[in-house]
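File shown: work.cif (mmCIF, C-alpha atoms).
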data_model
loop_
_atom_site.label_atom_id
_atom_site.label_comp_id
_atom_site.auth_asym_id
_atom_site.auth_seq_id
_atom_site.Cartn_x
_atom_site.Cartn_y
_atom_site.Cartn_z
CA MET A 280 138.28 -95.88 45.01
CA ARG A 281 136.78 -94.44 48.16
CA GLU A 282 133.99 -96.44 49.77
CA ILE A 283 130.47 -95.08 50.10
CA ALA A 284 128.24 -96.44 52.85
CA SER A 285 125.11 -98.38 51.86
CA GLU A 286 122.72 -95.74 53.25
CA LYS A 287 124.42 -93.01 51.26
CA ILE A 288 124.22 -95.11 48.12
CA LEU A 289 120.48 -95.58 48.56
CA GLN A 290 120.03 -91.85 49.13
CA GLY A 291 122.19 -91.13 46.10
CA ILE A 292 119.99 -93.31 43.90
CA ILE A 293 116.79 -91.61 44.99
CA ASP A 294 118.46 -88.18 44.51
CA ASN A 295 119.85 -89.13 41.10
CA ASP A 296 123.28 -88.16 42.42
CA SER A 297 125.56 -88.72 39.43
CA GLU A 298 128.62 -89.17 41.66
CA VAL A 299 126.96 -92.04 43.51
CA ILE A 300 125.63 -93.59 40.30
CA GLN A 301 129.11 -93.36 38.77
CA TYR A 302 130.45 -95.09 41.90
CA ILE A 303 127.93 -97.94 41.55
CA TYR A 304 128.81 -98.25 37.86
CA ASP A 305 132.56 -98.29 38.47
CA LYS A 306 132.29 -100.73 41.32
CA TYR A 307 129.75 -103.23 40.07
CA PHE A 308 129.15 -103.11 36.33
CA GLU A 309 132.16 -105.19 35.28
CA SER A 310 131.33 -107.96 37.79
CA ILE A 311 127.70 -108.06 36.69
CA LYS A 312 128.80 -108.14 33.06
CA GLY A 313 131.06 -111.06 33.93
CA PHE A 314 128.19 -112.97 35.50
CA VAL A 315 125.79 -112.36 32.61
CA ILE A 316 128.33 -113.24 29.92
CA LYS A 317 129.36 -116.36 31.83
CA HIS A 318 125.72 -117.43 31.76
CA SER A 319 125.11 -117.12 28.02
CA GLY A 320 124.29 -113.41 27.94
CA THR A 321 125.83 -110.52 26.03
CA LYS A 322 127.31 -107.13 27.00
CA GLU A 323 124.00 -105.52 26.05
CA ASP A 324 122.09 -107.97 28.27
CA ALA A 325 124.44 -107.06 31.12
CA TRP A 326 123.77 -103.37 30.63
CA ASP A 327 119.99 -104.01 30.70
CA VAL A 328 120.33 -106.07 33.87
CA PHE A 329 122.45 -103.40 35.56
CA GLN A 330 119.95 -100.65 34.73
CA ASP A 331 117.01 -102.78 35.84
CA GLY A 332 118.80 -103.48 39.12
CA ILE A 333 119.19 -99.76 39.87
CA ILE A 334 115.60 -98.98 38.87
CA VAL A 335 114.20 -101.83 40.97
CA ILE A 336 116.09 -100.51 43.98
CA TYR A 337 114.86 -96.97 43.24
CA GLU A 338 111.26 -98.25 43.17
CA GLN A 339 111.73 -100.09 46.44
CA ILE A 340 113.19 -97.07 48.20
CA LYS A 341 110.50 -94.79 46.76
CA ASN A 342 107.76 -97.06 48.06
CA ASN A 343 109.48 -97.58 51.43
CA LYS A 344 109.78 -101.28 50.71
CA LEU A 345 113.49 -101.66 51.06
CA ALA A 346 114.98 -102.71 54.35
CA LEU A 347 118.51 -103.84 53.68
CA LYS A 348 119.36 -107.00 55.61
CA ASN A 349 122.88 -107.01 54.18
CA THR A 350 125.11 -104.44 52.53
CA PHE A 351 124.12 -102.67 49.35
CA HIS A 352 126.83 -104.68 47.63
CA THR A 353 125.21 -108.04 48.50
CA TYR A 354 121.69 -106.88 47.78
CA PHE A 355 122.48 -105.26 44.44
CA PHE A 356 124.34 -108.33 43.20
CA THR A 357 121.53 -110.57 44.29
CA ILE A 358 118.96 -108.46 42.46
CA CYS A 359 121.00 -108.30 39.27
CA LYS A 360 121.70 -112.03 39.29
CA TYR A 361 118.06 -112.78 40.00
CA THR A 362 116.99 -110.47 37.16
CA TRP A 363 119.27 -112.22 34.71
CA LEU A 364 118.13 -115.67 35.80
CA LYS A 365 114.54 -114.56 35.30
CA VAL A 366 115.41 -113.52 31.75
CA LEU A 367 117.17 -116.83 31.17
CA ARG A 368 114.22 -118.79 32.52
CA GLU A 369 112.05 -117.19 29.85
CA ARG A 370 114.60 -117.06 27.06
CA ASP A 371 116.41 -120.38 27.38
CA LYS A 372 114.65 -122.78 29.70
CA LYS A 373 116.96 -125.70 28.92
CA TYR A 374 120.07 -123.77 29.81
CA TYR A 375 118.39 -122.37 32.90
CA GLU A 376 117.56 -125.85 34.15
CA GLN A 377 121.15 -126.91 33.55
CA ILE A 378 122.59 -124.18 35.75
CA GLU A 379 119.78 -124.06 38.28
CA SER A 380 121.38 -126.54 40.60
CA SER A 381 124.83 -124.95 40.52
CA LYS A 382 126.32 -123.68 43.74
CA GLU A 383 126.47 -120.10 42.51
CA ILE A 384 122.78 -120.03 41.74
CA GLU A 385 121.81 -121.67 45.01
CA GLN A 386 123.28 -118.70 46.82
CA ILE A 387 120.79 -116.35 45.25
CA SER A 388 118.03 -116.47 47.76
CA LEU A 389 115.75 -113.55 48.24
CA TYR A 390 113.30 -115.03 50.75
CA ASP A 391 110.35 -112.71 51.13
CA TYR A 392 111.54 -110.33 48.41
CA LYS A 393 111.02 -112.86 45.64
CA LEU A 394 107.38 -112.32 44.77
CA GLU A 395 107.66 -108.56 45.09
CA LEU A 396 110.75 -108.58 42.90
CA ASP A 397 109.04 -110.62 40.22
CA GLU A 398 106.23 -108.08 40.11
CA LEU A 399 108.66 -105.17 40.11
CA ILE A 400 110.78 -106.59 37.31
CA GLU A 401 107.67 -107.23 35.21
CA LYS A 402 106.34 -103.76 35.93
CA GLU A 403 109.67 -102.16 35.03
CA LYS A 404 109.66 -103.99 31.72
CA ARG A 405 106.30 -102.40 30.96
CA VAL A 406 107.39 -98.97 32.22
CA LYS A 407 110.44 -99.13 29.96
CA LEU A 408 108.08 -99.69 27.04
CA TYR A 409 105.91 -96.76 28.13
CA ASN A 410 108.92 -94.48 28.33
CA ILE A 411 110.27 -95.60 24.96
CA ASN A 412 106.92 -94.74 23.39
CA PHE A 413 106.70 -91.53 25.37
CA GLN A 414 109.86 -90.42 23.54
CA LYS A 415 108.16 -91.17 20.21
CA ILE A 416 105.34 -88.65 20.64
CA SER A 417 105.93 -85.02 19.72
CA VAL A 418 107.94 -82.83 22.11
CA GLU A 419 104.88 -80.64 22.58
CA CYS A 420 102.79 -83.66 23.61
CA GLN A 421 105.52 -84.79 26.01
CA LYS A 422 105.63 -81.40 27.69
CA LEU A 423 101.85 -81.21 27.85
CA LEU A 424 101.46 -84.68 29.38
CA LYS A 425 104.18 -83.96 31.91
CA LEU A 426 102.33 -80.82 33.01
CA ILE A 427 99.09 -82.77 33.35
CA ALA A 428 100.93 -85.41 35.38
CA LYS A 429 102.25 -82.65 37.63
CA GLY A 430 98.68 -81.58 38.29
CA TYR A 431 98.50 -78.41 36.18
CA SER A 432 94.96 -77.41 35.21
CA ILE A 433 93.82 -77.25 31.60
CA GLN A 434 93.62 -73.46 31.89
CA GLU A 435 97.25 -73.32 33.06
CA ILE A 436 98.25 -75.60 30.21
CA ALA A 437 96.40 -73.43 27.68
CA ASP A 438 98.24 -70.38 29.06
CA SER A 439 101.59 -72.12 29.13
CA PHE A 440 101.35 -73.18 25.46
CA SER A 441 99.61 -69.95 24.38
CA TYR A 442 96.69 -71.97 23.06
CA LYS A 443 93.83 -69.77 21.98
CA SER A 444 91.23 -71.63 24.04
CA VAL A 445 90.86 -74.02 26.95
CA GLY A 446 88.76 -76.21 24.68
CA PHE A 447 91.69 -76.65 22.35
CA ALA A 448 94.04 -77.43 25.23
CA TYR A 449 91.64 -80.14 26.41
CA LYS A 450 91.31 -81.58 22.92
CA LYS A 451 95.07 -81.52 22.41
CA SER A 452 95.71 -83.27 25.71
CA ARG A 453 93.17 -85.96 24.81
CA ILE A 454 94.79 -86.51 21.42
CA CYS A 455 98.26 -86.71 22.95
CA LYS A 456 97.11 -89.28 25.48
CA GLU A 457 95.35 -91.37 22.84
CA ARG A 458 98.41 -91.25 20.64
CA LEU A 459 100.64 -92.48 23.47
CA ILE A 460 98.26 -95.25 24.57
CA LYS A 461 97.87 -96.50 21.01
CA LEU A 462 101.62 -96.54 20.43
CA ILE A 463 102.12 -98.55 23.61
CA GLN A 464 99.32 -100.95 22.73
CA LYS A 465 101.03 -101.67 19.43
CA ASP A 466 104.19 -102.69 21.30
CA LEU A 467 102.64 -104.74 24.07
CA PRO A 468 102.96 -108.51 23.62
CA THR A 469 99.22 -108.98 24.18
CA PRO A 470 97.07 -105.91 23.60
CA LYS A 471 95.82 -104.57 26.89
CA THR A 472 92.84 -102.89 25.32
CA LYS A 473 90.91 -103.18 22.14
CA ASN A 474 89.07 -99.94 22.58
CA LYS A 475 89.24 -96.82 20.48
CA MET Z 164 79.42 -108.37 25.84
CA LYS Z 165 79.55 -104.68 26.63
CA LYS Z 166 81.64 -102.44 24.42
CA ASN Z 167 84.84 -101.20 26.02
CA ALA Z 168 85.18 -97.58 27.10
CA PRO Z 169 87.25 -95.33 24.86
CA ILE Z 170 90.65 -94.13 26.06
CA SER Z 171 89.28 -90.64 26.69
CA ARG Z 172 86.45 -91.97 28.88
CA ILE Z 173 88.87 -93.93 31.06
CA ASP Z 174 91.05 -90.84 31.24
CA ASP Z 175 88.11 -88.70 32.39
CA TYR Z 176 87.52 -91.28 35.12
CA LEU Z 177 91.18 -91.30 36.19
CA GLN Z 178 91.33 -87.51 36.18
CA GLY Z 179 88.32 -87.37 38.50
CA MET Z 180 86.17 -85.68 35.88
CA LEU Z 181 83.24 -88.09 36.20
CA THR Z 182 80.73 -87.27 38.89
CA GLY Z 183 77.30 -88.38 40.11
CA VAL Z 184 75.45 -90.93 38.01
CA GLU Z 185 78.18 -91.03 35.37
CA LEU Z 186 80.76 -91.98 37.99
CA THR Z 187 78.56 -94.63 39.61
CA GLU Z 188 77.73 -96.17 36.24
CA PHE Z 189 81.37 -96.26 35.22
CA GLU Z 190 82.44 -97.85 38.50
CA ASN Z 191 79.73 -100.48 38.09
CA ARG Z 192 81.02 -101.24 34.64
CA ILE Z 193 84.54 -101.65 36.02
CA GLU Z 194 83.26 -104.10 38.61
CA GLN Z 195 81.41 -106.11 35.99
CA SER Z 196 84.11 -106.20 33.35
CA GLU Z 197 87.55 -107.58 34.11
CA GLU Z 198 88.65 -106.33 30.69
CA LEU Z 199 87.63 -102.76 31.47
CA ALA Z 200 89.24 -103.00 34.91
CA GLU Z 201 92.44 -104.11 33.20
CA ASP Z 202 92.21 -101.17 30.74
CA VAL Z 203 91.83 -98.76 33.64
CA ARG Z 204 94.81 -100.29 35.47
CA PHE Z 205 96.87 -100.07 32.30
CA GLN Z 206 96.10 -96.39 31.64
CA LYS Z 207 96.70 -95.55 35.28
CA GLU Z 208 100.08 -97.26 35.18
CA VAL Z 209 101.06 -95.40 32.00
CA PHE Z 210 100.26 -92.00 33.49
CA GLU Z 211 101.97 -92.85 36.76
CA ALA Z 212 105.05 -93.69 34.71
CA ILE Z 213 104.88 -90.26 33.04
CA LYS Z 214 104.73 -88.64 36.45
CA ASP Z 215 107.93 -90.33 37.54
CA GLU Z 216 110.32 -87.80 36.06
CA ARG Z 217 113.02 -88.84 38.55
CA LYS Z 218 113.11 -92.37 37.19
CA ARG Z 219 113.67 -91.05 33.68
CA GLU Z 220 116.42 -88.79 35.02
CA ILE Z 221 118.14 -91.76 36.67
CA SER Z 222 117.97 -93.70 33.40
CA LYS Z 223 119.49 -90.71 31.59
CA THR Z 224 122.32 -90.46 34.14
CA LEU Z 225 123.00 -94.18 33.79
CA ASN Z 226 123.04 -93.99 30.01
CA ARG Z 227 125.31 -90.94 30.04
CA ILE Z 228 127.80 -92.68 32.34
CA HIS Z 229 127.70 -95.90 30.32
CA LEU Z 230 128.23 -94.00 27.07
CA GLN Z 231 131.15 -92.04 28.54
CA GLU Z 232 132.78 -95.18 29.84
CA THR Z 233 132.36 -97.19 26.65
CA THR Z 234 133.64 -94.27 24.56
CA LYS Z 235 136.63 -93.90 26.88
CA LEU Z 236 137.34 -97.60 26.51
CA ARG Z 237 137.13 -97.49 22.72
CA LYS Z 238 139.39 -94.44 22.60
CA THR Z 239 141.99 -96.16 24.74
CA GLN Z 240 141.87 -99.18 22.44
CA ARG Z 241 142.42 -97.07 19.33
CA LYS Z 242 144.87 -94.59 20.81
CA ASP Z 243 148.10 -96.24 19.69
CA THR Z 244 147.19 -96.52 16.03
CA ARG Z 245 145.67 -93.05 15.92
CA VAL Z 246 148.70 -91.24 17.32
CA LEU Z 247 150.67 -92.05 14.19
CA ARG Z 248 147.96 -91.00 11.82
CA ILE Z 249 146.65 -87.87 13.39
CA ASN Z 250 149.58 -85.54 12.60
CA PHE Z 251 149.74 -86.68 9.02
CA HIS Z 252 146.05 -86.20 8.48
CA SER Z 253 145.44 -83.05 10.45
CA TRP Z 254 147.00 -80.53 8.03
CA ARG Z 255 145.19 -82.13 5.14
CA LEU Z 256 141.93 -82.13 7.02
CA GLN Z 257 142.39 -78.51 7.96
CA ALA Z 258 143.25 -77.52 4.42
CA ALA Z 259 140.28 -79.48 3.07
CA ALA Z 260 137.94 -77.96 5.63
CA ALA Z 261 139.18 -74.46 4.76
CA ALA Z 262 138.69 -75.11 1.06
CA ILE Z 263 135.19 -76.44 1.64
CA ALA Z 264 134.34 -73.46 3.82
CA ILE Z 265 135.53 -71.05 1.12
CA LEU Z 266 133.49 -72.91 -1.49
CA LEU Z 267 130.42 -72.95 0.71
CA VAL Z 268 130.67 -69.26 1.52
CA SER Z 269 131.30 -68.19 -2.05
CA GLY Z 270 128.74 -70.69 -3.40
CA GLY Z 271 126.22 -69.47 -0.88
CA LEU Z 272 126.87 -65.87 -1.88
CA ILE Z 273 126.52 -66.66 -5.55
CA SER Z 274 123.37 -68.66 -4.99
CA ASN Z 275 121.92 -65.92 -2.79
CA PHE Z 276 122.76 -63.39 -5.44
CA LEU Z 277 121.02 -65.48 -8.08
CA SER Z 278 118.01 -66.28 -5.97
CA ASN Z 279 117.53 -62.65 -5.05
CA LYS Z 280 116.66 -61.69 -8.57
CA PRO Z 281 113.00 -60.67 -8.96
CA VAL Z 282 110.89 -63.37 -7.40
CA LYS Z 283 107.96 -64.88 -9.22
CA GLN Z 284 105.73 -64.38 -6.21
CA SER Z 285 102.71 -63.75 -8.40
CA LEU Z 286 103.05 -67.23 -9.86
CA TYR Z 287 102.84 -68.66 -6.38
CA THR Z 288 99.66 -66.75 -5.63
CA GLU Z 289 98.23 -67.83 -8.95
CA TYR Z 290 98.90 -71.51 -8.49
CA PHE Z 291 98.76 -72.13 -4.74
CA SER Z 292 95.51 -73.93 -4.14
CA PRO Z 293 95.82 -76.89 -1.78
CA GLU Z 294 92.04 -77.21 -1.78
CA ASN Z 295 92.35 -79.13 -5.06
CA SER Z 296 94.58 -81.65 -3.34
CA LEU Z 297 92.39 -81.88 -0.26
CA LEU Z 298 89.28 -83.09 -2.04
CA SER Z 299 90.80 -86.44 -2.87
CA VAL Z 300 91.73 -87.23 0.71
CA ARG Z 301 89.07 -85.52 2.77
CA SER Z 302 86.53 -88.33 2.57
CA ALA Z 303 88.97 -91.19 2.97
CA GLU Z 304 87.60 -93.58 5.58
CA SER Z 305 90.98 -94.84 6.61
CA VAL Z 306 92.17 -91.40 7.71
CA ASP Z 307 93.26 -91.43 11.33
CA SER Z 308 90.84 -89.68 13.65
CA HIS Z 309 93.52 -87.23 14.84
CA ILE Z 310 94.34 -86.24 11.30
CA LYS Z 311 90.62 -85.71 10.62
CA GLU Z 312 90.53 -83.48 13.67
CA GLY Z 313 93.48 -81.50 12.33
CA MET Z 314 91.73 -81.20 8.95
CA HIS Z 315 88.74 -79.81 10.76
CA TYR Z 316 90.92 -77.01 12.19
CA TYR Z 317 92.50 -76.48 8.79
CA GLU Z 318 89.10 -76.04 7.17
CA GLN Z 319 88.19 -73.50 9.82
CA GLY Z 320 91.31 -71.53 8.94
CA LYS Z 321 92.91 -72.30 12.32
CA PHE Z 322 96.24 -73.23 10.85
CA THR Z 323 98.38 -73.02 14.00
CA GLU Z 324 96.00 -75.36 15.84
CA ALA Z 325 95.86 -77.64 12.81
CA ILE Z 326 99.67 -77.93 12.72
CA SER Z 327 99.71 -78.64 16.43
CA ILE Z 328 97.36 -81.60 15.86
CA PHE Z 329 99.11 -82.91 12.73
CA GLU Z 330 102.46 -82.90 14.49
CA VAL Z 331 101.13 -85.22 17.20
CA GLU Z 332 101.66 -87.98 14.64
CA PRO Z 333 104.97 -87.03 13.06
CA ASP Z 334 105.13 -90.19 10.96
CA ASN Z 335 101.75 -89.74 9.35
CA LEU Z 336 102.37 -88.59 5.78
CA LEU Z 337 98.88 -87.23 5.25
CA GLY Z 338 99.28 -85.18 8.42
CA LYS Z 339 102.62 -84.02 7.09
CA LEU Z 340 101.07 -82.92 3.79
CA TYR Z 341 98.39 -80.95 5.61
CA ALA Z 342 100.96 -79.50 7.98
CA GLY Z 343 102.82 -78.35 4.85
CA PHE Z 344 99.66 -76.69 3.50
CA SER Z 345 99.05 -75.07 6.87
CA PHE Z 346 102.58 -73.65 6.94
CA MET Z 347 102.04 -72.33 3.42
CA LYS Z 348 98.87 -70.59 4.56
CA LEU Z 349 100.89 -69.05 7.40
CA GLU Z 350 103.58 -68.07 4.87
CA LYS Z 351 106.17 -70.15 6.70
CA TYR Z 352 107.64 -71.62 3.58
CA GLU Z 353 110.81 -73.14 5.02
CA GLN Z 354 108.77 -75.26 7.40
CA ALA Z 355 106.38 -76.24 4.62
CA GLU Z 356 109.33 -77.25 2.42
CA ALA Z 357 110.66 -79.55 5.15
CA ARG Z 358 107.31 -81.41 5.36
CA PHE Z 359 107.06 -81.83 1.57
CA LEU Z 360 110.66 -82.99 1.33
CA ASP Z 361 109.96 -85.64 3.99
CA ILE Z 362 107.06 -86.95 1.93
CA ILE Z 363 109.15 -86.96 -1.26
CA ASN Z 364 112.05 -88.71 0.46
CA ASP Z 365 109.68 -91.36 1.79
CA ASN Z 366 109.00 -91.96 -1.92
CA ASP Z 367 106.68 -94.93 -1.70
CA ASN Z 368 103.41 -93.11 -1.15
CA LEU Z 369 100.53 -91.58 -3.04
CA LEU Z 370 101.21 -88.05 -1.88
CA VAL Z 371 104.53 -87.52 -3.62
CA ASP Z 372 102.99 -85.70 -6.63
CA GLN Z 373 101.19 -83.21 -4.42
CA ALA Z 374 104.25 -82.77 -2.24
CA GLU Z 375 106.49 -82.07 -5.26
CA TRP Z 376 104.07 -79.59 -6.75
CA ASN Z 377 103.69 -77.68 -3.50
CA LEU Z 378 107.42 -77.83 -2.82
CA GLY Z 379 107.94 -76.07 -6.15
CA LEU Z 380 105.42 -73.42 -5.13
CA CYS Z 381 107.13 -72.93 -1.76
CA TYR Z 382 110.45 -72.42 -3.52
CA LEU Z 383 108.80 -69.82 -5.74
CA ALA Z 384 107.28 -68.01 -2.79
CA ASN Z 385 110.58 -68.13 -0.95
CA GLY Z 386 112.55 -66.67 -3.83
CA LYS Z 387 114.40 -69.92 -4.56
CA THR Z 388 113.89 -69.61 -8.30
CA ARG Z 389 116.56 -72.07 -9.32
CA GLU Z 390 115.25 -74.83 -7.01
CA ALA Z 391 111.69 -74.12 -8.14
CA GLY Z 392 112.77 -74.42 -11.77
CA LYS Z 393 114.33 -77.84 -11.11
CA VAL Z 394 111.22 -79.15 -9.34
CA PHE Z 395 108.84 -77.91 -12.04
CA ALA Z 396 111.07 -79.28 -14.80
CA LYS Z 397 110.92 -82.70 -13.14
CA ILE Z 398 107.13 -82.48 -12.84
CA ALA Z 399 106.84 -81.32 -16.46
CA ASP Z 400 108.82 -84.40 -17.56
CA GLY Z 401 106.58 -86.72 -15.61
CA ASN Z 402 103.05 -87.89 -16.04
CA THR Z 403 100.97 -86.39 -13.27
CA ILE Z 404 98.00 -84.04 -13.08
CA TYR Z 405 100.46 -81.21 -12.48
CA ASN Z 406 102.36 -81.81 -15.70
CA LYS Z 407 100.56 -79.14 -17.76
CA ASP Z 408 100.67 -76.49 -15.04
CA ALA Z 409 104.35 -77.17 -14.46
CA ASN Z 410 105.06 -76.50 -18.15
CA THR Z 411 103.07 -73.26 -18.00
CA ILE Z 412 104.92 -72.11 -14.89
CA LEU Z 413 108.26 -72.87 -16.50
CA GLN Z 414 107.29 -70.79 -19.51
CA LYS Z 415 106.17 -67.89 -17.32
CA MET Z 416 109.35 -68.10 -15.26
CA LYS Z 417 111.40 -67.52 -18.42
CA GLU Z 418 109.38 -64.41 -19.34
#
Go through the file and emit its structure as structure tokens.
Amino acid sequence: MREIASEKILQGIIDNDSEVIQYIYDKYFESIKGFVIKHSGTKEDAWDVFQDGIIVIYEQIKNNKLALKNTFHTYFFTICKYTWLKVLRERDKKYYEQIESSKEIEQISLYDYKLELDELIEKEKRVKLYNINFQKISVECQKLLKLIAKGYSIQEIADSFSYKSVGFAYKKSRICKERLIKLIQKDLPTPKTKNK
Amino acid sequence: MKKNAPISRIDDYLQGMLTGVELTEFENRIEQSEELAEDVRFQKEVFEAIKDERKREISKTLNRIHLQETTKLRKTQRKDTRVLRINFHSWRLQAAAAAIAILLVSGGLISNFLSNKPVKQSLYTEYFSPENSLLSVRSAESVDSHIKEGMHYYEQGKFTEAISIFEVEPDNLLGKLYAGFSFMKLEKYEQAEARFLDIINDNDNLLVDQAEWNLGLCYLANGKTREAGKVFAKIADGNTIYNKDANTILQKMKE
């Protein structure tokens, strides 16, 4: 397998370059799976951790918050291991405490990244939930909300969907948004809002 | 404690649609209420997530790759045993597929031929009256506000708009029933049939009788006489408000 330099990998992630993503998958997934399974996880857990690792890195690059101090290889492994340990800490505290002092775990140090990573991982958990629920609303609503997010005006939306009036387009967009928010609220561990 | 702002109000704020006094008042409320501030943060985060199309694309790429790789792995694991079976089975499969295709084509032709006999369209016109069904649900307090909004469009005769609202909540059976009525009004019977069949297949709900009755009418309107006959015969055997009408229709269909 040919090597890809760390900078190119980061660029490939932000560009959604499938060749680069395939490279990351081929090179790292099995090792990450090994780590997760070794520490009481499953194949599915490993897949979640791997995806979260990529998305966390994407977020960091997007927000200009990633300055690699080591290679991509080292950083990606550290993030994935940290993500899994965070899951373990919440899922199985006893087991986590048992392995906490092991040599392998001691090596996972993220210094100043730690707090930011915790926030990012938490946020990504929520975003995953938003996206899952986004897929549950009608295709028309999805398209409409995407257009709004892209900054299209209500008039443009009415034209694009051949709605008979701008008033209807506004009403439809409101209903779509309410539907999405309510679906998400149902899934959140503690309801964020109790409003209508 | 102050009442929280509705989702639409927070959205107006986030979209920059509040101005002047309204904006100042809303910002004051955010400052005073941690709960409202949290609601605003939450809605903002949701709509920022929608904006991030690239992130969804990356997730799709990842899932595609993972699926390809796991499928490849499974195939490799099964390969040895399958090699022996595939030749033995393939001619049988092909023969079976050909036989099924012939049956389907000829069956389809026969059924088309039968269903193209003079359609009882007049019966449909005579009996199609969803308004009778609507009365029992229109005043229901528990009806979701979106569905009520869709009903409002339906009552105004704006059936395309009504469908568009009902379909926002694809799992809502009442919305589905009304979407079915709306499609009937637009003479899009196939689409109406699909909605009624969904309700019937769900089974455990109070709308099945209405769905069955209207499904029968759709079949009539669509020239599917045989299917209509089956549905009305089932209704006639049952004990619903449509029982008598179903018997009458069956009689008229024979004439």
### Task
Tell me, as a VMD selection string, which residues lie within 9 Å of range 290-296 of chain A, counting all atoms listed in the file; anything in the same chain fewer than 5 positions away does not count.
(chain A and resid 285 301 333 to 334 336 to 338 340 to 341) or (chain Z and resid 217 to 218 220 to 221 224)
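Within 12 Å of the point (101.3, -68.4, 5.8), counting only C-alpha atoms, the protein and nucleic acid residues come to Thr288, Phe291, Gly320, Lys321, Phe322, Thr323, Ile326, Ala342, Gly343, Phe344, Ser345, Phe346, Met347, Lys348, Leu349, Glu350, Lys351, Tyr352, Glu353, Gln354, Ala355, Cys381, Ala384 and Asn385 of chain Z.
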Counting only C-alpha atoms, give me one row per residue of chain A with an atom at most 7 Å from an atom of chain Z, showing the shortest contact pair and its distance in Å to one decimal, sorted by chain then residue number, as a tab-separated table.
residue	atom	partner	partner_atom	distance
A:Asn295	CA	Z:Ile221	CA	5.4
A:Ser297	CA	Z:Thr224	CA	6.4
A:Gln301	CA	Z:Ile228	CA	6.6
A:Val406	CA	Z:Ala212	CA	6.3
A:Tyr409	CA	Z:Val209	CA	6.4
A:Ile416	CA	Z:Val331	CA	6.4
A:Ser417	CA	Z:Val331	CA	5.4
A:Cys420	CA	Z:Val331	CA	6.8
A:Lys425	CA	Z:Ile213	CA	6.4
A:Ala428	CA	Z:Lys214	CA	5.1
A:Lys429	CA	Z:Lys214	CA	6.6
A:Lys451	CA	Z:Ile328	CA	6.9
A:Arg453	CA	Z:Ser171	CA	6.4
A:Ile454	CA	Z:His309	CA	6.7
A:Cys455	CA	Z:Val331	CA	6.6
A:Glu457	CA	Z:Ile170	CA	6.3
A:Lys471	CA	Z:Asp202	CA	6.3
A:Thr472	CA	Z:Asp202	CA	5.7
A:Asn474	CA	Z:Pro169	CA	5.5
A:Lys475	CA	Z:Pro169	CA	5.0
Can you spit out the residues from that selection as an mmCIF file, in the coordinates of the input, using C-alpha atoms?
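Writing the result to result-v3.cif gives the following:
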data_model
loop_
_atom_site.group_PDB
_atom_site.id
_atom_site.type_symbol
_atom_site.label_atom_id
_atom_site.label_comp_id
_atom_site.auth_asym_id
_atom_site.auth_seq_id
_atom_site.Cartn_x
_atom_site.Cartn_y
_atom_site.Cartn_z
ATOM 1 C CA ASN A 295 119.850 -89.130 41.100
ATOM 2 C CA SER A 297 125.560 -88.720 39.430
ATOM 3 C CA GLN A 301 129.110 -93.360 38.770
ATOM 4 C CA VAL A 406 107.390 -98.970 32.220
ATOM 5 C CA TYR A 409 105.910 -96.760 28.130
ATOM 6 C CA ILE A 416 105.340 -88.650 20.640
ATOM 7 C CA SER A 417 105.930 -85.020 19.720
ATOM 8 C CA CYS A 420 102.790 -83.660 23.610
ATOM 9 C CA LYS A 425 104.180 -83.960 31.910
ATOM 10 C CA ALA A 428 100.930 -85.410 35.380
ATOM 11 C CA LYS A 429 102.250 -82.650 37.630
ATOM 12 C CA LYS A 451 95.070 -81.520 22.410
ATOM 13 C CA ARG A 453 93.170 -85.960 24.810
ATOM 14 C CA ILE A 454 94.790 -86.510 21.420
ATOM 15 C CA CYS A 455 98.260 -86.710 22.950
ATOM 16 C CA GLU A 457 95.350 -91.370 22.840
ATOM 17 C CA LYS A 471 95.820 -104.570 26.890
ATOM 18 C CA THR A 472 92.840 -102.890 25.320
ATOM 19 C CA ASN A 474 89.070 -99.940 22.580
ATOM 20 C CA LYS A 475 89.240 -96.820 20.480
#
### Task
Give as a PyMOL selection string the residues that the PyMOL selection byres ((chain Z and resi 394) around 12) matches when applied to the coordinates above.
chain Z and resi 359-360+363+372-383+387-393+395-401+405-406+409-410+412-413
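Our summary of the geometry notes that CA of Ile173 in chain Z is positioned 18.9 Å from CA of Leu426 in chain A.
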### Query
Mind telling me what the PyMOL selection byres ((chain A and resi 283) around 12) catches here, as a PyMOL selection string?
chain A and resi 280-282+284-291+298-303+306+350-352
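The coordinates place CA of Ile311 in chain A at 7.3 Å from CA of Phe356 in chain A.
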#### Entry: Å distance separating CA of Thr353 in chain A from CA of Lys373 in chain A, one decimal place
27.6 Å
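Residues matched by the PyMOL selection byres ((chain A and resi 323) around 12) in this file: A:Phe308, A:Ile311, A:Lys312, A:Gly313, A:Val315, A:Ile316, A:Ser319, A:Gly320, A:Thr321, A:Lys322, A:Asp324, A:Ala325, A:Trp326, A:Asp327, A:Val328, A:Phe329, A:Gln330, A:Trp363, Z:His229, Z:Thr233.
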### Query
Taking into account only C-alpha atoms, which residue in the set Z:Gly386, Z:Lys311, Z:Asp367, Z:Gly179 is nearest to Tyr287 in chain Z?
Z:Gly386
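Counting all atoms listed in the file and comparing Z:Tyr290, Z:Asn191, Z:Asp365, Z:Asp307, the residue that lies closest to Lys461 in chain A is Z:Asp307.
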Assuming 4 Å of padding per side, give the centre and edge lengths of the axis-aligned box around every listed atom of range 400-409 of chain Z, in Å to one decimal and as lines of an AutoDock Vina configuration file.
center_x = 103.4
center_y = -82.2
center_z = -15.1
size_x = 18.8
size_y = 19.4
size_z = 13.3
